[in-house]
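A.B. asks: File coords_21.txt follows (compact mmCIF, N, CA and C atoms):
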# COMPACT_ATOMS: atom_id res chain seq x y z
N MET A 1 26.51 -75.47 -48.65
CA MET A 1 26.28 -75.01 -47.29
C MET A 1 26.70 -73.54 -47.12
N LYS A 2 27.82 -73.17 -47.73
CA LYS A 2 28.30 -71.79 -47.60
C LYS A 2 27.31 -70.81 -48.23
N ILE A 3 26.71 -71.23 -49.34
CA ILE A 3 25.74 -70.37 -50.01
C ILE A 3 24.52 -70.15 -49.13
N ILE A 4 24.06 -71.22 -48.50
CA ILE A 4 22.89 -71.11 -47.61
C ILE A 4 23.20 -70.21 -46.44
N LYS A 5 24.37 -70.37 -45.82
CA LYS A 5 24.75 -69.52 -44.69
C LYS A 5 24.85 -68.05 -45.12
N PHE A 6 25.43 -67.83 -46.33
CA PHE A 6 25.57 -66.47 -46.84
C PHE A 6 24.21 -65.80 -46.96
N PHE A 7 23.25 -66.49 -47.63
CA PHE A 7 21.93 -65.90 -47.81
C PHE A 7 21.16 -65.79 -46.50
N ASP A 8 21.42 -66.68 -45.55
CA ASP A 8 20.79 -66.59 -44.24
C ASP A 8 21.25 -65.34 -43.51
N LYS A 9 22.55 -65.08 -43.54
CA LYS A 9 23.09 -63.87 -42.89
C LYS A 9 22.63 -62.61 -43.61
N LEU A 10 22.60 -62.67 -44.95
CA LEU A 10 22.14 -61.52 -45.72
C LEU A 10 20.69 -61.21 -45.40
N GLU A 11 19.87 -62.25 -45.32
CA GLU A 11 18.46 -62.06 -44.99
C GLU A 11 18.30 -61.44 -43.61
N ASP A 12 19.09 -61.88 -42.64
CA ASP A 12 19.01 -61.31 -41.29
C ASP A 12 19.34 -59.83 -41.30
N LYS A 13 20.38 -59.45 -42.04
CA LYS A 13 20.78 -58.03 -42.11
C LYS A 13 19.71 -57.18 -42.77
N ILE A 14 19.20 -57.66 -43.90
CA ILE A 14 18.18 -56.90 -44.63
C ILE A 14 16.91 -56.78 -43.79
N ARG A 15 16.48 -57.88 -43.19
CA ARG A 15 15.27 -57.86 -42.36
C ARG A 15 15.44 -56.90 -41.18
N LYS A 16 16.62 -56.88 -40.58
CA LYS A 16 16.88 -55.99 -39.43
C LYS A 16 16.73 -54.53 -39.86
N ARG A 17 17.28 -54.19 -41.02
CA ARG A 17 17.18 -52.80 -41.49
C ARG A 17 15.77 -52.43 -41.91
N LEU A 18 15.14 -53.32 -42.67
CA LEU A 18 13.81 -53.01 -43.18
C LEU A 18 12.75 -53.00 -42.09
N SER A 19 12.96 -53.74 -41.01
CA SER A 19 11.95 -53.79 -39.95
C SER A 19 11.77 -52.43 -39.28
N ARG A 20 12.75 -51.56 -39.42
CA ARG A 20 12.65 -50.21 -38.86
C ARG A 20 11.84 -49.27 -39.76
N LYS A 21 11.60 -49.70 -41.01
CA LYS A 21 10.86 -48.89 -41.98
C LYS A 21 9.76 -49.77 -42.59
N PRO A 22 8.66 -49.94 -41.88
CA PRO A 22 7.63 -50.90 -42.31
C PRO A 22 7.03 -50.61 -43.68
N LEU A 23 6.86 -49.35 -44.06
CA LEU A 23 6.28 -49.06 -45.37
C LEU A 23 7.21 -49.49 -46.50
N ILE A 24 8.50 -49.23 -46.34
CA ILE A 24 9.47 -49.65 -47.35
C ILE A 24 9.55 -51.17 -47.37
N TYR A 25 9.51 -51.79 -46.18
CA TYR A 25 9.54 -53.25 -46.06
C TYR A 25 8.36 -53.86 -46.82
N ALA A 26 7.17 -53.28 -46.61
CA ALA A 26 5.96 -53.77 -47.28
C ALA A 26 6.08 -53.59 -48.79
N LEU A 27 6.62 -52.47 -49.23
CA LEU A 27 6.77 -52.22 -50.66
C LEU A 27 7.72 -53.22 -51.30
N VAL A 28 8.89 -53.41 -50.69
CA VAL A 28 9.88 -54.35 -51.22
C VAL A 28 9.31 -55.77 -51.22
N GLY A 29 8.65 -56.15 -50.13
CA GLY A 29 8.06 -57.48 -50.04
C GLY A 29 6.97 -57.70 -51.08
N SER A 30 6.13 -56.69 -51.28
CA SER A 30 5.05 -56.84 -52.26
C SER A 30 5.61 -56.94 -53.68
N ILE A 31 6.66 -56.20 -53.98
CA ILE A 31 7.30 -56.31 -55.29
C ILE A 31 7.84 -57.72 -55.50
N GLY A 32 8.51 -58.25 -54.49
CA GLY A 32 9.05 -59.60 -54.59
C GLY A 32 7.97 -60.64 -54.80
N ILE A 33 6.88 -60.52 -54.07
CA ILE A 33 5.77 -61.48 -54.19
C ILE A 33 5.14 -61.39 -55.58
N ILE A 34 4.91 -60.16 -56.05
CA ILE A 34 4.29 -59.99 -57.37
C ILE A 34 5.18 -60.54 -58.47
N LEU A 35 6.48 -60.30 -58.39
CA LEU A 35 7.39 -60.84 -59.40
C LEU A 35 7.43 -62.37 -59.38
N LEU A 36 7.39 -62.93 -58.17
CA LEU A 36 7.36 -64.40 -58.06
C LEU A 36 6.07 -64.94 -58.68
N TRP A 37 4.93 -64.34 -58.34
CA TRP A 37 3.65 -64.78 -58.90
C TRP A 37 3.65 -64.64 -60.43
N ARG A 38 4.22 -63.53 -60.92
CA ARG A 38 4.26 -63.31 -62.37
C ARG A 38 5.08 -64.41 -63.05
N GLY A 39 6.20 -64.75 -62.46
CA GLY A 39 7.03 -65.80 -63.03
C GLY A 39 6.32 -67.14 -63.05
N ILE A 40 5.66 -67.48 -61.98
CA ILE A 40 4.92 -68.74 -61.91
C ILE A 40 3.75 -68.71 -62.89
N TRP A 41 3.09 -67.57 -63.01
CA TRP A 41 1.98 -67.42 -63.94
C TRP A 41 2.47 -67.66 -65.37
N MET A 42 3.60 -67.04 -65.70
CA MET A 42 4.15 -67.20 -67.05
C MET A 42 4.56 -68.65 -67.31
N LEU A 43 5.11 -69.32 -66.31
CA LEU A 43 5.48 -70.72 -66.44
C LEU A 43 4.24 -71.58 -66.69
N ALA A 44 3.18 -71.33 -65.92
CA ALA A 44 1.94 -72.08 -66.11
C ALA A 44 1.37 -71.83 -67.51
N ASP A 45 1.46 -70.60 -68.00
CA ASP A 45 1.00 -70.30 -69.36
C ASP A 45 1.84 -71.03 -70.40
N ALA A 46 3.15 -71.06 -70.17
CA ALA A 46 4.05 -71.73 -71.12
C ALA A 46 3.75 -73.23 -71.17
N LEU A 47 3.29 -73.79 -70.05
CA LEU A 47 2.95 -75.21 -70.00
C LEU A 47 1.50 -75.46 -70.42
N ASN A 48 0.80 -74.40 -70.86
CA ASN A 48 -0.61 -74.49 -71.26
C ASN A 48 -1.47 -75.13 -70.18
N MET A 49 -1.23 -74.74 -68.92
CA MET A 49 -1.97 -75.30 -67.79
C MET A 49 -3.32 -74.59 -67.67
N PRO A 50 -4.42 -75.34 -67.71
CA PRO A 50 -5.74 -74.71 -67.54
C PRO A 50 -5.87 -74.05 -66.17
N GLY A 51 -6.74 -73.03 -66.10
CA GLY A 51 -6.91 -72.29 -64.85
C GLY A 51 -7.36 -73.14 -63.69
N TRP A 52 -8.27 -74.07 -63.93
CA TRP A 52 -8.75 -74.91 -62.83
C TRP A 52 -7.66 -75.81 -62.29
N VAL A 53 -6.74 -76.25 -63.16
CA VAL A 53 -5.63 -77.09 -62.70
C VAL A 53 -4.70 -76.26 -61.82
N SER A 54 -4.42 -75.02 -62.24
CA SER A 54 -3.59 -74.13 -61.43
C SER A 54 -4.21 -73.89 -60.06
N THR A 55 -5.51 -73.66 -60.05
CA THR A 55 -6.21 -73.39 -58.79
C THR A 55 -6.14 -74.59 -57.86
N VAL A 56 -6.48 -75.76 -58.37
CA VAL A 56 -6.48 -76.97 -57.55
C VAL A 56 -5.06 -77.30 -57.08
N LEU A 57 -4.09 -77.23 -57.99
CA LEU A 57 -2.71 -77.54 -57.63
C LEU A 57 -2.19 -76.57 -56.56
N GLY A 58 -2.43 -75.28 -56.76
CA GLY A 58 -2.00 -74.29 -55.77
C GLY A 58 -2.64 -74.51 -54.43
N LEU A 59 -3.95 -74.77 -54.43
CA LEU A 59 -4.67 -75.02 -53.18
C LEU A 59 -4.13 -76.25 -52.47
N LEU A 60 -3.90 -77.32 -53.21
CA LEU A 60 -3.37 -78.54 -52.60
C LEU A 60 -1.98 -78.32 -52.00
N ILE A 61 -1.14 -77.61 -52.72
CA ILE A 61 0.22 -77.33 -52.21
C ILE A 61 0.13 -76.52 -50.92
N LEU A 62 -0.66 -75.45 -50.92
CA LEU A 62 -0.77 -74.60 -49.73
C LEU A 62 -1.39 -75.33 -48.54
N LEU A 63 -2.40 -76.16 -48.81
CA LEU A 63 -3.00 -76.93 -47.72
C LEU A 63 -2.02 -77.97 -47.18
N ALA A 64 -1.26 -78.60 -48.08
CA ALA A 64 -0.34 -79.65 -47.66
C ALA A 64 0.79 -79.13 -46.78
N ILE A 65 1.25 -77.92 -47.06
CA ILE A 65 2.37 -77.38 -46.27
C ILE A 65 1.91 -76.44 -45.16
N GLY A 66 0.60 -76.29 -45.02
CA GLY A 66 0.06 -75.53 -43.89
C GLY A 66 0.11 -74.03 -44.03
N LEU A 67 0.22 -73.52 -45.26
CA LEU A 67 0.31 -72.07 -45.44
C LEU A 67 -1.00 -71.41 -45.85
N PHE A 68 -1.98 -72.18 -46.26
CA PHE A 68 -3.20 -71.58 -46.80
C PHE A 68 -3.85 -70.63 -45.79
N VAL A 69 -4.17 -71.12 -44.63
CA VAL A 69 -4.86 -70.31 -43.62
C VAL A 69 -3.94 -69.24 -43.06
N SER A 70 -2.70 -69.63 -42.69
CA SER A 70 -1.82 -68.66 -42.04
C SER A 70 -1.44 -67.51 -42.97
N PHE A 71 -1.32 -67.79 -44.27
CA PHE A 71 -0.94 -66.72 -45.20
C PHE A 71 -2.10 -65.76 -45.44
N PHE A 72 -3.27 -66.30 -45.69
CA PHE A 72 -4.38 -65.45 -46.06
C PHE A 72 -5.12 -64.85 -44.87
N ILE A 73 -5.00 -65.45 -43.71
CA ILE A 73 -5.66 -64.90 -42.53
C ILE A 73 -4.64 -64.44 -41.51
N GLY A 74 -3.66 -65.26 -41.22
CA GLY A 74 -2.64 -64.90 -40.25
C GLY A 74 -2.92 -65.50 -38.90
N ASP A 75 -1.86 -65.96 -38.26
CA ASP A 75 -1.99 -66.60 -36.95
C ASP A 75 -2.52 -65.64 -35.89
N GLN A 76 -2.04 -64.40 -35.92
CA GLN A 76 -2.45 -63.45 -34.88
C GLN A 76 -3.94 -63.17 -34.94
N ILE A 77 -4.49 -63.09 -36.13
CA ILE A 77 -5.92 -62.83 -36.27
C ILE A 77 -6.72 -64.01 -35.74
N ILE A 78 -6.27 -65.23 -36.06
CA ILE A 78 -6.98 -66.42 -35.57
C ILE A 78 -6.93 -66.47 -34.05
N ILE A 79 -5.75 -66.28 -33.47
CA ILE A 79 -5.58 -66.34 -32.02
C ILE A 79 -6.40 -65.25 -31.34
N SER A 80 -6.36 -64.02 -31.89
CA SER A 80 -7.12 -62.94 -31.27
C SER A 80 -8.62 -63.20 -31.36
N GLY A 81 -9.07 -63.87 -32.43
CA GLY A 81 -10.48 -64.22 -32.54
C GLY A 81 -10.90 -65.26 -31.53
N VAL A 82 -10.04 -66.26 -31.33
CA VAL A 82 -10.34 -67.30 -30.36
C VAL A 82 -10.38 -66.72 -28.95
N LYS A 83 -9.44 -65.83 -28.66
CA LYS A 83 -9.37 -65.22 -27.32
C LYS A 83 -10.31 -64.03 -27.19
N GLU A 84 -11.01 -63.69 -28.27
CA GLU A 84 -11.90 -62.53 -28.31
C GLU A 84 -11.17 -61.25 -27.94
N GLU A 85 -9.95 -61.09 -28.48
CA GLU A 85 -9.14 -59.90 -28.24
C GLU A 85 -9.26 -58.96 -29.43
N LYS A 86 -8.82 -57.73 -29.20
CA LYS A 86 -8.75 -56.76 -30.29
C LYS A 86 -7.52 -57.07 -31.14
N ARG A 87 -7.58 -56.71 -32.43
CA ARG A 87 -6.39 -56.80 -33.27
C ARG A 87 -5.41 -55.74 -32.81
N ILE A 88 -4.13 -55.94 -33.11
CA ILE A 88 -3.09 -55.01 -32.65
C ILE A 88 -3.35 -53.60 -33.17
N ASP A 89 -3.89 -53.46 -34.38
CA ASP A 89 -4.15 -52.13 -34.92
C ASP A 89 -5.35 -51.46 -34.28
N GLU A 90 -6.15 -52.22 -33.52
CA GLU A 90 -7.30 -51.65 -32.83
C GLU A 90 -6.98 -51.28 -31.38
N LYS A 91 -5.85 -51.72 -30.90
CA LYS A 91 -5.49 -51.46 -29.50
C LYS A 91 -4.94 -50.05 -29.34
N THR A 92 -5.16 -49.50 -28.16
CA THR A 92 -4.60 -48.19 -27.85
C THR A 92 -3.15 -48.35 -27.42
N GLU A 93 -2.43 -47.26 -27.45
CA GLU A 93 -1.03 -47.30 -27.02
C GLU A 93 -0.93 -47.74 -25.56
N GLU A 94 -1.88 -47.33 -24.74
CA GLU A 94 -1.88 -47.70 -23.32
C GLU A 94 -2.05 -49.22 -23.16
N GLU A 95 -2.94 -49.82 -23.95
CA GLU A 95 -3.16 -51.26 -23.87
C GLU A 95 -1.90 -52.03 -24.28
N ILE A 96 -1.25 -51.56 -25.31
CA ILE A 96 -0.02 -52.22 -25.78
C ILE A 96 1.07 -52.11 -24.73
N LYS A 97 1.23 -50.93 -24.12
CA LYS A 97 2.24 -50.76 -23.07
C LYS A 97 1.93 -51.64 -21.86
N ARG A 98 0.65 -51.76 -21.52
CA ARG A 98 0.25 -52.61 -20.40
C ARG A 98 0.61 -54.07 -20.69
N GLU A 99 0.36 -54.51 -21.93
CA GLU A 99 0.72 -55.88 -22.31
C GLU A 99 2.23 -56.09 -22.27
N GLU A 100 2.99 -55.09 -22.73
CA GLU A 100 4.45 -55.19 -22.70
C GLU A 100 4.95 -55.31 -21.26
N THR A 101 4.36 -54.53 -20.36
CA THR A 101 4.73 -54.59 -18.95
C THR A 101 4.42 -55.96 -18.37
N THR A 102 3.25 -56.49 -18.69
CA THR A 102 2.86 -57.81 -18.20
C THR A 102 3.83 -58.87 -18.71
N LEU A 103 4.16 -58.81 -20.00
CA LEU A 103 5.10 -59.77 -20.57
C LEU A 103 6.48 -59.66 -19.92
N SER A 104 6.89 -58.45 -19.63
CA SER A 104 8.18 -58.23 -18.97
C SER A 104 8.17 -58.84 -17.57
N GLU A 105 7.06 -58.65 -16.85
CA GLU A 105 6.94 -59.23 -15.50
C GLU A 105 6.95 -60.76 -15.57
N ILE A 106 6.26 -61.32 -16.55
CA ILE A 106 6.25 -62.78 -16.71
C ILE A 106 7.66 -63.28 -17.01
N HIS A 107 8.37 -62.56 -17.85
CA HIS A 107 9.76 -62.94 -18.19
C HIS A 107 10.63 -62.94 -16.93
N GLU A 108 10.48 -61.92 -16.10
CA GLU A 108 11.26 -61.85 -14.86
C GLU A 108 10.91 -63.01 -13.93
N ASP A 109 9.62 -63.32 -13.83
CA ASP A 109 9.19 -64.44 -12.98
C ASP A 109 9.79 -65.76 -13.47
N ILE A 110 9.80 -65.96 -14.78
CA ILE A 110 10.37 -67.19 -15.34
C ILE A 110 11.86 -67.28 -15.03
N GLU A 111 12.56 -66.15 -15.14
CA GLU A 111 13.99 -66.15 -14.81
C GLU A 111 14.21 -66.50 -13.34
N LYS A 112 13.38 -65.96 -12.44
CA LYS A 112 13.49 -66.27 -11.01
C LYS A 112 13.25 -67.76 -10.76
N ILE A 113 12.23 -68.30 -11.41
CA ILE A 113 11.93 -69.72 -11.26
C ILE A 113 13.10 -70.56 -11.75
N GLY A 114 13.69 -70.16 -12.87
CA GLY A 114 14.85 -70.87 -13.41
C GLY A 114 16.01 -70.87 -12.43
N LYS A 115 16.27 -69.72 -11.81
CA LYS A 115 17.35 -69.63 -10.82
C LYS A 115 17.06 -70.51 -9.61
N GLN A 116 15.79 -70.50 -9.16
CA GLN A 116 15.41 -71.33 -8.02
C GLN A 116 15.58 -72.81 -8.34
N LEU A 117 15.23 -73.21 -9.55
CA LEU A 117 15.39 -74.61 -9.96
C LEU A 117 16.87 -75.01 -9.97
N LYS A 118 17.71 -74.11 -10.46
CA LYS A 118 19.15 -74.39 -10.47
C LYS A 118 19.68 -74.55 -9.05
N GLU A 119 19.22 -73.67 -8.15
CA GLU A 119 19.64 -73.75 -6.76
C GLU A 119 19.19 -75.07 -6.13
N MET A 120 17.96 -75.46 -6.41
CA MET A 120 17.43 -76.71 -5.87
C MET A 120 18.23 -77.90 -6.43
N LYS A 121 18.57 -77.84 -7.67
CA LYS A 121 19.33 -78.93 -8.30
C LYS A 121 20.72 -79.01 -7.68
N ASN A 122 21.35 -77.84 -7.50
CA ASN A 122 22.68 -77.81 -6.88
C ASN A 122 22.65 -78.35 -5.44
N ASN A 123 21.59 -77.96 -4.70
CA ASN A 123 21.46 -78.43 -3.32
C ASN A 123 21.24 -79.93 -3.27
N SER A 124 20.47 -80.47 -4.21
CA SER A 124 20.21 -81.90 -4.19
C SER A 124 21.44 -82.69 -4.62
N GLU A 125 22.29 -82.12 -5.45
CA GLU A 125 23.51 -82.78 -5.88
C GLU A 125 24.53 -82.82 -4.75
N GLU A 126 24.50 -81.80 -3.88
CA GLU A 126 25.45 -81.71 -2.77
C GLU A 126 25.14 -82.75 -1.70
N THR A 127 23.89 -83.12 -1.57
CA THR A 127 23.53 -84.07 -0.51
C THR A 127 23.57 -85.50 -0.96
Take the structure in the file and write it out as structure tokens.

C.D. replies:
Amino acid sequence: MKIIKFFDKLEDKIRKRLSRKPLIYALVGSIGIILLWRGIWMLADALNMPGWVSTVLGLLILLAIGLFVSFFIGDQIIISGVKEEKRIDEKTEEEIKREETTLSEIHEDIEKIGKQLKEMKNNSEET
């Protein structure tokens, strides 16, 4: 358990720092992914696994755990397609700021509703 907590905290710290430098984050992430793939590739070769078996096994694993579509396409792209929205990289700075303002207003409204619900609950408990 201590090891898991240690790596969880380490991951949070690293992610926080790297998120401020997206190009470095992408480079480090791509290196990690390539090294992982290389290791798995070498393991499959050592086991003399035919290519079609690797393909089918990999596809089944990704489909079973729900990563096939989200990894190769991404949730945001699917959602934006369904809603017929622009991708984030196609939006103007003004559109993004407008969306941020809208989200901020929604957040404030939810907080107000939460306070009103608490008040109503307190009033009903008093009576």

A.B. asks: DSSP on the backbone, then: every residue of chain A marked alpha helix (DSSP H), written as an MDAnalysis selection string.

C.D. replies: chainID A and resid 2:18 22:46 51:65 68:72 75:82 93:126

A.B. asks: In Å to one decimal, how far is CA of Leu10 (chain A) from CA of Tyr25 (chain A)?

C.D. replies: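 Pair CA of Tyr25 (chain A) / CA of Leu10 (chain A) returns 15.1 Å.
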
A.B. asks: So how many Å separate CA of Gly29 (chain A) and CA of Gly66 (chain A), to one decimal?

C.D. replies: 20.7 Å

A.B. asks: Which is closest to Met42 (chain A) among A:Ser104, A:Ser54, A:Thr92, A:Gln116, if we use only C-alpha atoms?

C.D. replies: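 The shortest atom-to-atom distance to Met42 (chain A) comes from A:Ser54.
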
A.B. asks: Please, what distance in Å, to one decimal, runs between atom N of Arg20 (chain A) and atom C of Ile110 (chain A)?

C.D. replies: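 So the two atoms, atom N of Arg20 (chain A) and atom C of Ile110 (chain A), lie 29.0 Å apart.
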